[in-house]
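**Student:** Sharing a structure below in structure tokens format, with a few things to ask.
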Amino acid sequence: MRQLEELRRQVRPEALLAVGAALVVMLGLSSWLYLLKPAVGRYQALVEKHEATVGGMQADPDGDTAAITSLEQELESLRDQLYGTTGRVPQRQIEAHVVDSLHRLAEQRAIELVGVKPGQPSPVLMFEELPYDVDVAGPYRSLYAWLADVESELRPMVVKQFSLEPDPGTPRVKLGLRLVAYRPAEKQG
């Protein structure tokens with residue numbers, strides 16, 4: 001008790017008042033920084049979002065048609081990338097479509113489509129792999145251009161295997177390909 005009395009005499013009342021005031025200021029400042037300021041910031045962000053939404057709805061009462069149109073175009077673009085140009089062809093007509101396209105593109109490039117043999121479809125992850133063994137013959141540059149046409153028109157179709165050899169006695173080249181198309185697998189059920 002005596003030590004407490006001695007300590008009280010050594011500390012001046014003004015110093016105790018200053019320490020108490022500093023503690024109150026620090027408590028208030030930390031409450032603002034850690035509790036109130038983040039909550040006020042979230043509240044202001046919600047108010048701004050609400051005002052933007054209400055403003056957008058008042059400007060276009062039927063909804064944001066421009067954003068909807070943009071999203072529909074993006075969805076169509078993604079669908080084209082996924083399904084390619086053969087996506088609009090019914091499954092039972094896909095082989096005829098591919099063979100017809102290969103033949104037409106070969107005629108345009110003046111090369112000979114020797115043969116097309118469709119393979120058995122097989123599942124690959126969530127896609128169905130549709131292979132085609134294709135044999136063509138013609139000038140090298142024409143074959144190269146034909147292959148670019150095939151890739152463009154029948155996308156997504158890729159070359160899985162190929163063989164290239166000269167056609168004996170002619171300036172032509174024989175090209176054997178395994179072209180593979182991928183389509184999303186049809187859901188079972």
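Letters for chains follow the order of the structure tokens (A, B, ...), residue numbers begin at 1 for each chain, and ligand numbers begin at 1 in the order shown.
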Please provide as a list of chain:residue names all residues within 12 Å of stretch 164-173 of chain A, with the sequence filter that same-chain residues fewer than 5 positions apart are discarded (counting only C-alpha atoms).
**Tutor:**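 Within the cut-off, the hits are A:Ala110, A:Ile111, A:Glu112, A:Asp135, A:Val136, A:Ala137, A:Gly138, A:Pro139, A:Tyr140, A:Arg141, A:Ser142, A:Leu143, A:Tyr144.
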**Student:** Could you write out, as a list in words, all the residues of stretch 137-170 of chain A that DSSP marks as alpha helix (DSSP H)?
**Tutor:**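 The residues of stretch 137-170 of chain A classed as alpha helix (DSSP H) are Tyr140, Arg141, Ser142, Leu143, Tyr144, Ala145, Trp146, Leu147, Ala148, Asp149, Val150, Glu151, Ser152 and Glu153 of chain A.
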**Student:** Can I get the selection written as a PDB file, in the first residue's frame, with C-alpha atoms?
**Tutor:**
ATOM      1  CA  TYR A 140       1.923 -29.691-103.355  1.00  0.00           C
ATOM      2  CA  ARG A 141       0.827 -26.035-103.199  1.00  0.00           C
ATOM      3  CA  SER A 142      -2.727 -26.960-104.200  1.00  0.00           C
ATOM      4  CA  LEU A 143      -2.829 -29.621-101.483  1.00  0.00           C
ATOM      5  CA  TYR A 144      -1.588 -27.092 -98.950  1.00  0.00           C
ATOM      6  CA  ALA A 145      -4.274 -24.570 -99.971  1.00  0.00           C
ATOM      7  CA  TRP A 146      -6.927 -27.323 -99.957  1.00  0.00           C
ATOM      8  CA  LEU A 147      -5.953 -28.296 -96.422  1.00  0.00           C
ATOM      9  CA  ALA A 148      -6.277 -24.657 -95.307  1.00  0.00           C
ATOM     10  CA  ASP A 149      -9.750 -24.548 -96.924  1.00  0.00           C
ATOM     11  CA  VAL A 150     -10.753 -27.768 -95.143  1.00  0.00           C
ATOM     12  CA  GLU A 151      -9.562 -26.422 -91.804  1.00  0.00           C
ATOM     13  CA  SER A 152     -11.499 -23.194 -92.330  1.00  0.00           C
ATOM     14  CA  GLU A 153     -14.729 -24.711 -93.632  1.00  0.00           C
TER      15      GLU A 153
END
**Student:** So that I can check the surroundings of stretch 93-97 of chain A, please list as a list in words every protein, DNA and RNA residue that reaches within 12 Å of it, counting only C-alpha atoms and ignoring chain neighbours fewer than 4 positions away.
**Tutor:**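 That gives Thr85, Thr86, Gly87, Arg88, Val89, Ser101, Leu102, His103, Arg104, Val116, Lys117, Pro118, Gly119, Gln120, Pro121, Leu130, Pro131, Tyr132, Asp133, Glu153, Leu154, Val180, Ala181, Tyr182 and Arg183 of chain A.
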**Student:** With a cut-off of 12 Å, could you pull out the residues of stretch 10-41 of chain A touching stretch 45-51 of chain A and give me the nearest pair of atoms for each, distance in Å to one decimal, using only C-alpha atoms, ordered by chain and ascending number, as a Markdown table?
**Tutor:**
| residue | atom | partner | partner_atom | distance |
| --- | --- | --- | --- | --- |
| A:Pro38 | CA | A:Ala45 | CA | 10.5 |
| A:Ala39 | CA | A:Ala45 | CA | 9.9 |
| A:Val40 | CA | A:Ala45 | CA | 8.6 |
| A:Gly41 | CA | A:Ala45 | CA | 6.2 |
**Student:** Would you export the selected residues with all heavy atoms as a short mmCIF file (atom, residue, chain, number, x, y, z; two decimals), in the first residue's frame, please?
**Tutor:**
data_model
loop_
_atom_site.label_atom_id
_atom_site.label_comp_id
_atom_site.auth_asym_id
_atom_site.auth_seq_id
_atom_site.Cartn_x
_atom_site.Cartn_y
_atom_site.Cartn_z
N PRO A 38 -14.34 0.26 -42.99
CA PRO A 38 -14.71 -0.78 -43.98
C PRO A 38 -16.22 -0.91 -44.17
O PRO A 38 -16.69 -1.08 -45.30
CB PRO A 38 -14.11 -2.06 -43.40
CG PRO A 38 -13.04 -1.61 -42.47
CD PRO A 38 -13.50 -0.30 -41.93
N ALA A 39 -16.97 -0.80 -43.09
CA ALA A 39 -18.43 -0.90 -43.20
C ALA A 39 -18.99 0.27 -43.99
O ALA A 39 -19.88 0.10 -44.84
CB ALA A 39 -19.05 -0.97 -41.82
N VAL A 40 -18.48 1.48 -43.75
CA VAL A 40 -18.93 2.66 -44.50
C VAL A 40 -18.57 2.51 -45.97
O VAL A 40 -19.36 2.83 -46.86
CB VAL A 40 -18.34 3.95 -43.88
CG1 VAL A 40 -18.57 5.15 -44.78
CG2 VAL A 40 -18.94 4.20 -42.50
N GLY A 41 -17.36 1.99 -46.26
CA GLY A 41 -16.95 1.78 -47.66
C GLY A 41 -17.85 0.79 -48.37
O GLY A 41 -18.25 1.01 -49.52
#
**Student:** Give me every strand (DSSP E or B) residue in chain A, going by DSSP on the backbone, as a PyMOL selection string.
**Tutor:** chain A and resi 112-118+122-124+127-138+157-166+173-184
**Student:** Which is closest to A:Ala106 among A:Tyr34, A:Val159, A:Pro13, A:Val134, if we use only C-alpha atoms?
**Tutor:**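 The answer is A:Val134, which sits nearest to A:Ala106.
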**Student:** Report, in Å to a single decimal, how far apart atom CA of A:Glu72 and atom CA of A:Gly55 are.
**Tutor:** 22.9 Å
**Student:** Rounded to one decimal in Å, what is the spacing between atom CA of A:Val24 and atom CA of A:Leu7?
**Tutor:**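 Computing the Euclidean distance for atom CA of A:Val24 and atom CA of A:Leu7 yields 23.1 Å.
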**Student:** Any idea what the distance is between atom CA of A:Asp100 and atom CA of A:Val114?
**Tutor:**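 Between atom CA of A:Asp100 and atom CA of A:Val114 the gap works out to 13.2 Å.
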